[in-house]
Amino acid sequence: MSKELESAYQPENFRKTGHELIDVIADYLSDVAQEKIPVNKWKEPNQQLEFWKNYQFDTNNPTAFFKEIIDKSIHIHHPKYIGHQVTPTVPLSALTTLLSAILNNGMAVYEMGAASTAIEKIVVDEILKQIGYPTDEADGFITSGGTLATLTALLAARKAIAPSDVWENGHQEKLGVLVSEQAHYCVDKAARVMGLGSDGVITIPVGGYFTMKTELLDKYFQKATNNGIRIIAVIGSAPSTSSGMHDDLNAIAAFAQQKNIWFHVDGAHGGGAIFSKKYKHLLAGIEKADSIVIDGHKMLMMPTLMTFVLFKKKSDSFANFTHKADYLFQQTEEEWYNMAKRTFECTKEMMSIKFYVILKTYGPEVFDQFVTRLYDLGAEFAEKVKQNPQFELALSPHSNIVCFRYIDKQLSEKELNQLNSKIRSKILKQGDFYIVQTTLNGKIYIRLTFMNPQTTSTIMDELLSEVEKCSKLTNASTGSA
Ligand SMILES: *Cc1c(COP(=O)(O)O)cnc(C)c1O
C-alpha cells in the first residue's frame, strides 16, 4: 500500500483531526449563539470562486481548511438567521451523520444496514402514530429530501389510481394532478418527470388567504376531464412555502374521496407540527391523506437531507418499484427490511439514526417544543409589525413563515416593490441578518422564517429598526422618494 493510502486510513490521524474539528465546531456554536460573528459574510459568486481558486490548502493542517469553510458559509445556528427553512441542527444528531459517513452502510438491502434499517421502522412508526394513522395499516420510509419524496408519493398515486402497464410500456393515457397555484415547485417537477407535461399540472387559484380555493376543485376537475385528462391526485400544502399558509386539508380530503382520487399532503415544511399540541390543529385532516411528506431538515432539527414519506395503506408503500433486481433480492413478498425495493434510491444514507438519537435523548416532546416555539415567534413578530405604521403584514401567519414589507404612503406599488427588494438586498450584503423575499399578488415582501429557537423579541426589534434604517438609505441614494 502506498504511503498516501496508509496515511488516509490511519485511525490515529483521524483521532487527532477529529478532536480538533469537534473543538472548532463547539467554539463556533458558542460564538454564533452569542452573535460574536455576523450571520453571513457576503461575497459575489465570482469573488467566492476566486477565493477558493487561490486558496492555499495546507496538507498538514486540514483544520485550517475546516475553519475557512465555516467562515465562508452562512450560519444557520445564528439567532439572526431568519431566512430559508433549513433547521439549526441538533449537534448530537449531526454527530450521527459522522458515524453514518464512516460506517457507510448503504441500506439498499438489510445486510447493508441492519441497525439503521430496524431503527428506520421504529422512527417511522413514531411519526405514523403522531399523524394519527393506525400504525398496523399505515407504513412509510425515509428518503433523500422532500422533492424526491413528492415524486415517490405521486408515483404511488399513479399506480393506485390509474393502474396500467406504464412500468413496461410507458404512458398511454393523459394524466393530471390538482394543486394550489401556491404549491412548492417540487410538485410541478415531479409531475413533469412522470411525463404529465404542462397540461397535467392543473393549478387551482388561491383566495385572499393564499390557500387553495377548494370550492373550485370540482370545476377544474370537470374541465380537465372534458379535455381528456384523467386526474389522479389532489395535493394540499401544509403550509405552502412562500406564504406559510395551510390549505384546508379536510375539504381537500372530502373532494378526493368523492372523486376517488389520491390525496397527498405536502407537509415538507409544516408536517412537523403533528408534534405540537398547540399547532396540530393546522393539520386537521392530515390523517385522511393517502400519502404525506415531512422534511426532517426543515422543522424537525435534522441535518440535510432527511425526509419521511408516509402512506395510509401499507401496500402503497411497497408498490412503486417492483421491478426485478435478482442479484439483490431473492424473494418477492413485502419485506420491510429490504429498503431499496421501496425507495427511489438504491444506496441511501443511514438517515434514521439522526432522528432516533434525538427522539430517545429528549423524547418526542422536544419536537413539540421546537415547532411551538418557532410558530410562537412568528405570531409575536406579526404583532410587532401590526403595531408599527411603517410596516405592513401580508397575512396573519399560520406558522413561523411571516411576510411583511416597509411602506411609505408617497410611493407607488412599483416603487414599493423596488424599495423592499433593495432593503432585502442591502441587509443580505451587510450580513447582520439573513432574511429573504417573496412575491405575493405582485407585491414584493420581506419573507422571514423563524428557524432558531434562540431568536428573541429584542432581535425582532433590531431587525425592524434595521429595515427602517435601510429604507432611508436606499430611498435617499436612489432619489425615488
Ligand atoms: C422545502 C419544501 C419542499 C422541498 O423539499 P426539499 O427537501 O427541499 O427537496 C417541498 N414542499 C414544501 C412545502 C417545502 O417547503
# chains A, B, ... in the order shown; residues from 1 in each chain; ligands from 1
$ closest_atom_pairs --of "chain A" --to "ligand 1" --cutoff "7 Å" --atoms "only C-alpha atoms and all ligand atoms" --output "Markdown table"
| residue | atom | partner | partner_atom_place_in_ligand_line | distance |
| --- | --- | --- | --- | --- |
| A:Gln85 | CA | ligand 1 | 1 (C) | 6.9 |
| A:Gly145 | CA | ligand 1 | 7 (O) | 3.7 |
| A:Gly146 | CA | ligand 1 | 5 (O) | 3.4 |
| A:Thr147 | CA | ligand 1 | 9 (O) | 3.7 |
| A:Leu148 | CA | ligand 1 | 9 (O) | 6.4 |
| A:Ala183 | CA | ligand 1 | 13 (C) | 6.7 |
| A:His184 | CA | ligand 1 | 11 (N) | 4.8 |
| A:Cys186 | CA | ligand 1 | 10 (C) | 5.6 |
| A:Ser237 | CA | ligand 1 | 13 (C) | 6.1 |
| A:Ala238 | CA | ligand 1 | 13 (C) | 6.6 |
| A:Pro239 | CA | ligand 1 | 13 (C) | 6.0 |
| A:Ser240 | CA | ligand 1 | 13 (C) | 4.9 |
| A:Thr241 | CA | ligand 1 | 15 (O) | 4.5 |
| A:Asp266 | CA | ligand 1 | 13 (C) | 5.7 |
| A:Gly267 | CA | ligand 1 | 13 (C) | 6.1 |
| A:Ala268 | CA | ligand 1 | 12 (C) | 4.6 |
| A:His269 | CA | ligand 1 | 15 (O) | 4.4 |
| A:Asp295 | CA | ligand 1 | 7 (O) | 5.8 |
| A:Leu305 | CA | ligand 1 | 7 (O) | 6.6 |
| A:Thr307 | CA | ligand 1 | 7 (O) | 6.8 |
$ write_last_selection --atoms "N, CA and C atoms" --output "mmCIF file, in the first residue's frame"
data_model
loop_
_atom_site.group_PDB
_atom_site.id
_atom_site.type_symbol
_atom_site.label_atom_id
_atom_site.label_comp_id
_atom_site.auth_asym_id
_atom_site.auth_seq_id
_atom_site.Cartn_x
_atom_site.Cartn_y
_atom_site.Cartn_z
ATOM 1 N N GLN A 85 -35.816 27.818 4.981
ATOM 2 C CA GLN A 85 -36.400 26.941 6.001
ATOM 3 C C GLN A 85 -35.509 25.789 6.450
ATOM 4 N N GLY A 145 -34.850 13.844 0.837
ATOM 5 C CA GLY A 145 -35.379 15.165 0.522
ATOM 6 C C GLY A 145 -36.833 15.186 0.096
ATOM 7 N N GLY A 146 -37.458 16.334 0.294
ATOM 8 C CA GLY A 146 -38.883 16.497 0.018
ATOM 9 C C GLY A 146 -39.225 16.377 -1.455
ATOM 10 N N THR A 147 -38.306 16.786 -2.309
ATOM 11 C CA THR A 147 -38.567 16.749 -3.742
ATOM 12 C C THR A 147 -38.663 15.304 -4.229
ATOM 13 N N LEU A 148 -37.707 14.502 -3.815
ATOM 14 C CA LEU A 148 -37.725 13.084 -4.176
ATOM 15 C C LEU A 148 -38.909 12.368 -3.509
ATOM 16 N N ALA A 183 -48.429 26.117 -4.460
ATOM 17 C CA ALA A 183 -47.712 24.916 -4.024
ATOM 18 C C ALA A 183 -46.231 25.010 -4.365
ATOM 19 N N HIS A 184 -45.438 24.235 -3.659
ATOM 20 C CA HIS A 184 -43.996 24.195 -3.911
ATOM 21 C C HIS A 184 -43.724 23.623 -5.306
ATOM 22 N N CYS A 186 -41.741 21.578 -6.299
ATOM 23 C CA CYS A 186 -41.412 20.147 -6.402
ATOM 24 C C CYS A 186 -42.569 19.328 -6.967
ATOM 25 N N SER A 237 -51.180 21.780 0.547
ATOM 26 C CA SER A 237 -49.923 22.289 1.098
ATOM 27 C C SER A 237 -50.089 22.573 2.585
ATOM 28 N N ALA A 238 -49.123 22.127 3.367
ATOM 29 C CA ALA A 238 -49.232 22.279 4.815
ATOM 30 C C ALA A 238 -47.907 22.710 5.422
ATOM 31 N N PRO A 239 -47.552 23.970 5.317
ATOM 32 C CA PRO A 239 -48.182 25.033 4.550
ATOM 33 C C PRO A 239 -47.465 25.169 3.210
ATOM 34 N N SER A 240 -47.909 26.163 2.395
ATOM 35 C CA SER A 240 -47.171 26.466 1.176
ATOM 36 C C SER A 240 -45.929 27.271 1.571
ATOM 37 N N THR A 241 -44.883 27.125 0.780
ATOM 38 C CA THR A 241 -43.577 27.651 1.156
ATOM 39 C C THR A 241 -43.550 29.164 1.199
ATOM 40 N N ASP A 266 -48.426 17.809 1.156
ATOM 41 C CA ASP A 266 -47.045 18.276 1.185
ATOM 42 C C ASP A 266 -46.820 18.995 2.516
ATOM 43 N N GLY A 267 -46.340 18.210 3.479
ATOM 44 C CA GLY A 267 -46.028 18.763 4.805
ATOM 45 C C GLY A 267 -44.529 18.914 4.966
ATOM 46 N N ALA A 268 -43.820 19.118 3.847
ATOM 47 C CA ALA A 268 -42.352 19.212 3.915
ATOM 48 C C ALA A 268 -41.947 20.227 4.968
ATOM 49 N N HIS A 269 -42.579 21.387 4.947
ATOM 50 C CA HIS A 269 -42.251 22.374 5.972
ATOM 51 C C HIS A 269 -42.995 22.108 7.281
ATOM 52 N N ASP A 295 -40.373 16.872 5.897
ATOM 53 C CA ASP A 295 -38.912 17.022 5.895
ATOM 54 C C ASP A 295 -38.367 17.079 7.327
ATOM 55 N N LEU A 305 -29.879 15.607 4.134
ATOM 56 C CA LEU A 305 -31.298 15.541 3.836
ATOM 57 C C LEU A 305 -31.910 14.413 4.634
ATOM 58 N N THR A 307 -36.060 12.925 4.911
ATOM 59 C CA THR A 307 -37.489 13.159 4.677
ATOM 60 C C THR A 307 -38.307 11.890 4.902
#
$ residues_around --residues "stretch 58-68 of chain A" --least-positions-apart "6" --cutoff "12 Å" --atoms "only C-alpha atoms" --output "MDAnalysis selection string"
chainID A and resid 4 7:8 13:14 16:28 41 48 51:52
$ residues_around --residues "A:Ile252" --least-positions-apart "3" --cutoff "7 Å" --atoms "only C-alpha atoms" --output "NGL selection string"
:A and (214 or 236 or 248-249 or 255-256)
$ write_last_selection --atoms "N, CA and C atoms" --output "CSV table (one decimal), in the first residue's frame"
chain,number,residue,atom,x,y,z
A,214,THR,N,-60.9,25.7,-2.4
A,214,THR,CA,-61.3,24.3,-2.6
A,214,THR,C,-62.7,24.2,-3.3
A,236,GLY,N,-52.5,18.9,-1.1
A,236,GLY,CA,-52.7,20.0,-0.2
A,236,GLY,C,-51.3,20.5,0.4
A,248,ASP,N,-56.9,23.9,3.4
A,248,ASP,CA,-57.9,23.2,4.2
A,248,ASP,C,-57.9,21.7,3.9
A,249,LEU,N,-57.2,20.9,4.7
A,249,LEU,CA,-57.0,19.5,4.3
A,249,LEU,C,-58.3,18.7,4.4
A,255,PHE,N,-63.1,16.1,-1.1
A,255,PHE,CA,-63.2,16.1,-2.6
A,255,PHE,C,-62.5,14.9,-3.1
A,256,ALA,N,-61.3,14.5,-2.6
A,256,ALA,CA,-60.6,13.4,-3.1
A,256,ALA,C,-61.4,12.1,-3.0
$ closest_residue --among "A:Asn40, A:Asn104, A:Thr135, A:Thr143" --to "A:Gly296" --atoms "only C-alpha atoms"
A:Thr143
$ residues_around --residues "stretch 393-401 of chain A" --least-positions-apart "6" --cutoff "7 Å" --atoms "only C-alpha atoms" --output "number ranges by chain"
A: 243-245, 374-375, 377-379, 382, 385-386, 448-450
$ write_last_selection --atoms "all heavy atoms" --output "mmCIF file, in the first residue's frame"
data_model
loop_
_atom_site.group_PDB
_atom_site.id
_atom_site.type_symbol
_atom_site.label_atom_id
_atom_site.label_comp_id
_atom_site.auth_asym_id
_atom_site.auth_seq_id
_atom_site.Cartn_x
_atom_site.Cartn_y
_atom_site.Cartn_z
ATOM 1 N N SER A 243 -45.935 31.661 1.327
ATOM 2 C CA SER A 243 -46.755 32.439 2.256
ATOM 3 C C SER A 243 -46.829 31.815 3.643
ATOM 4 O O SER A 243 -47.194 32.480 4.598
ATOM 5 C CB SER A 243 -48.175 32.560 1.701
ATOM 6 O OG SER A 243 -48.802 31.291 1.718
ATOM 7 N N GLY A 244 -46.547 30.524 3.750
ATOM 8 C CA GLY A 244 -46.661 29.837 5.039
ATOM 9 C C GLY A 244 -48.095 29.534 5.439
ATOM 10 O O GLY A 244 -48.375 29.270 6.612
ATOM 11 N N MET A 245 -49.016 29.550 4.471
ATOM 12 C CA MET A 245 -50.436 29.326 4.769
ATOM 13 C C MET A 245 -50.837 27.875 4.502
ATOM 14 O O MET A 245 -50.378 27.273 3.537
ATOM 15 C CB MET A 245 -51.291 30.253 3.901
ATOM 16 C CG MET A 245 -51.124 31.706 4.247
ATOM 17 S SD MET A 245 -51.891 32.068 5.846
ATOM 18 C CE MET A 245 -50.680 33.134 6.549
ATOM 19 N N LEU A 374 -41.136 28.090 17.564
ATOM 20 C CA LEU A 374 -40.902 28.815 16.311
ATOM 21 C C LEU A 374 -42.191 29.434 15.770
ATOM 22 O O LEU A 374 -42.189 30.559 15.282
ATOM 23 C CB LEU A 374 -40.255 27.910 15.271
ATOM 24 C CG LEU A 374 -38.847 27.412 15.652
ATOM 25 C CD1 LEU A 374 -38.285 26.509 14.574
ATOM 26 C CD2 LEU A 374 -37.888 28.562 15.913
ATOM 27 N N TYR A 375 -43.303 28.702 15.873
ATOM 28 C CA TYR A 375 -44.576 29.257 15.414
ATOM 29 C C TYR A 375 -44.979 30.431 16.323
ATOM 30 O O TYR A 375 -45.527 31.425 15.849
ATOM 31 C CB TYR A 375 -45.671 28.174 15.393
ATOM 32 C CG TYR A 375 -45.600 27.228 14.189
ATOM 33 C CD1 TYR A 375 -44.414 26.985 13.510
ATOM 34 C CD2 TYR A 375 -46.745 26.561 13.738
ATOM 35 C CE1 TYR A 375 -44.364 26.108 12.422
ATOM 36 C CE2 TYR A 375 -46.714 25.694 12.655
ATOM 37 C CZ TYR A 375 -45.519 25.466 12.001
ATOM 38 O OH TYR A 375 -45.493 24.608 10.936
ATOM 39 N N LEU A 377 -42.911 32.453 17.748
ATOM 40 C CA LEU A 377 -42.080 33.582 17.331
ATOM 41 C C LEU A 377 -42.694 34.278 16.115
ATOM 42 O O LEU A 377 -42.701 35.504 16.027
ATOM 43 C CB LEU A 377 -40.643 33.132 17.002
ATOM 44 C CG LEU A 377 -39.746 32.712 18.181
ATOM 45 C CD1 LEU A 377 -38.379 32.247 17.670
ATOM 46 C CD2 LEU A 377 -39.562 33.852 19.183
ATOM 47 N N GLY A 378 -43.231 33.489 15.203
ATOM 48 C CA GLY A 378 -43.895 34.051 14.021
ATOM 49 C C GLY A 378 -45.053 34.954 14.432
ATOM 50 O O GLY A 378 -45.195 36.079 13.942
ATOM 51 N N ALA A 379 -45.863 34.468 15.371
ATOM 52 C CA ALA A 379 -47.027 35.236 15.838
ATOM 53 C C ALA A 379 -46.574 36.510 16.555
ATOM 54 O O ALA A 379 -47.160 37.584 16.364
ATOM 55 C CB ALA A 379 -47.872 34.373 16.774
ATOM 56 N N ALA A 382 -45.412 39.081 14.036
ATOM 57 C CA ALA A 382 -46.564 39.644 13.308
ATOM 58 C C ALA A 382 -47.230 40.743 14.134
ATOM 59 O O ALA A 382 -47.632 41.779 13.593
ATOM 60 C CB ALA A 382 -47.555 38.537 12.973
ATOM 61 N N VAL A 385 -45.290 43.931 13.861
ATOM 62 C CA VAL A 385 -45.476 44.567 12.556
ATOM 63 C C VAL A 385 -46.813 45.306 12.520
ATOM 64 O O VAL A 385 -46.900 46.446 12.058
ATOM 65 C CB VAL A 385 -45.387 43.524 11.418
ATOM 66 C CG1 VAL A 385 -45.795 44.137 10.084
ATOM 67 C CG2 VAL A 385 -43.982 42.963 11.324
ATOM 68 N N LYS A 386 -47.844 44.656 13.070
ATOM 69 C CA LYS A 386 -49.187 45.260 13.069
ATOM 70 C C LYS A 386 -49.189 46.580 13.836
ATOM 71 O O LYS A 386 -49.920 47.498 13.493
ATOM 72 C CB LYS A 386 -50.189 44.311 13.741
ATOM 73 C CG LYS A 386 -50.733 43.247 12.802
ATOM 74 C CD LYS A 386 -51.792 42.412 13.521
ATOM 75 C CE LYS A 386 -51.997 41.089 12.835
ATOM 76 N NZ LYS A 386 -52.661 40.109 13.707
ATOM 77 N N LEU A 448 -39.707 36.176 6.238
ATOM 78 C CA LEU A 448 -38.914 35.624 7.345
ATOM 79 C C LEU A 448 -39.387 34.208 7.619
ATOM 80 O O LEU A 448 -40.572 33.905 7.493
ATOM 81 C CB LEU A 448 -39.130 36.431 8.629
ATOM 82 C CG LEU A 448 -38.904 37.941 8.585
ATOM 83 C CD1 LEU A 448 -39.096 38.518 9.981
ATOM 84 C CD2 LEU A 448 -37.506 38.263 8.062
ATOM 85 N N THR A 449 -38.463 33.343 7.972
ATOM 86 C CA THR A 449 -38.844 32.075 8.577
ATOM 87 C C THR A 449 -38.060 31.962 9.872
ATOM 88 O O THR A 449 -36.824 31.931 9.844
ATOM 89 C CB THR A 449 -38.533 30.875 7.672
ATOM 90 O OG1 THR A 449 -39.066 31.127 6.376
ATOM 91 C CG2 THR A 449 -39.173 29.607 8.214
ATOM 92 N N PHE A 450 -38.779 31.969 10.979
ATOM 93 C CA PHE A 450 -38.112 31.819 12.275
ATOM 94 C C PHE A 450 -37.711 30.354 12.432
ATOM 95 O O PHE A 450 -38.565 29.491 12.549
ATOM 96 C CB PHE A 450 -39.044 32.286 13.403
ATOM 97 C CG PHE A 450 -39.231 33.762 13.390
ATOM 98 C CD1 PHE A 450 -40.290 34.344 12.690
ATOM 99 C CD2 PHE A 450 -38.321 34.597 14.012
ATOM 100 C CE1 PHE A 450 -40.441 35.720 12.626
ATOM 101 C CE2 PHE A 450 -38.457 35.971 13.961
ATOM 102 C CZ PHE A 450 -39.522 36.535 13.266
#
$ closest_atom_pairs --of "stretch 70-103 of chain A" --to "stretch 440-446 of chain A" --cutoff "12 Å" --atoms "only C-alpha atoms" --output "JSON lines"
{"residue": "A:Ile82", "atom": "CA", "partner": "A:Ile446", "partner_atom": "CA", "distance": 10.7}
{"residue": "A:Gly83", "atom": "CA", "partner": "A:Ile446", "partner_atom": "CA", "distance": 9.7}
{"residue": "A:His84", "atom": "CA", "partner": "A:Ile446", "partner_atom": "CA", "distance": 11.7}
$ write_last_selection --atoms "N, CA, C and O atoms" --output "PDB file, in the first residue's frame"
ATOM      1  N   ILE A  82     -32.884  34.254   9.853  1.00  0.00           N
ATOM      2  CA  ILE A  82     -34.359  34.178   9.834  1.00  0.00           C
ATOM      3  C   ILE A  82     -34.772  34.049   8.366  1.00  0.00           C
ATOM      4  O   ILE A  82     -35.701  34.706   7.896  1.00  0.00           O
ATOM      5  N   GLY A  83     -34.028  33.213   7.627  1.00  0.00           N
ATOM      6  CA  GLY A  83     -34.200  33.169   6.175  1.00  0.00           C
ATOM      7  C   GLY A  83     -34.892  31.915   5.686  1.00  0.00           C
ATOM      8  O   GLY A  83     -36.033  31.655   6.018  1.00  0.00           O
ATOM      9  N   HIS A  84     -34.207  31.125   4.882  1.00  0.00           N
ATOM     10  CA  HIS A  84     -34.823  29.927   4.313  1.00  0.00           C
ATOM     11  C   HIS A  84     -35.041  28.869   5.397  1.00  0.00           C
ATOM     12  O   HIS A  84     -34.501  28.963   6.482  1.00  0.00           O
TER      13      HIS A  84
END
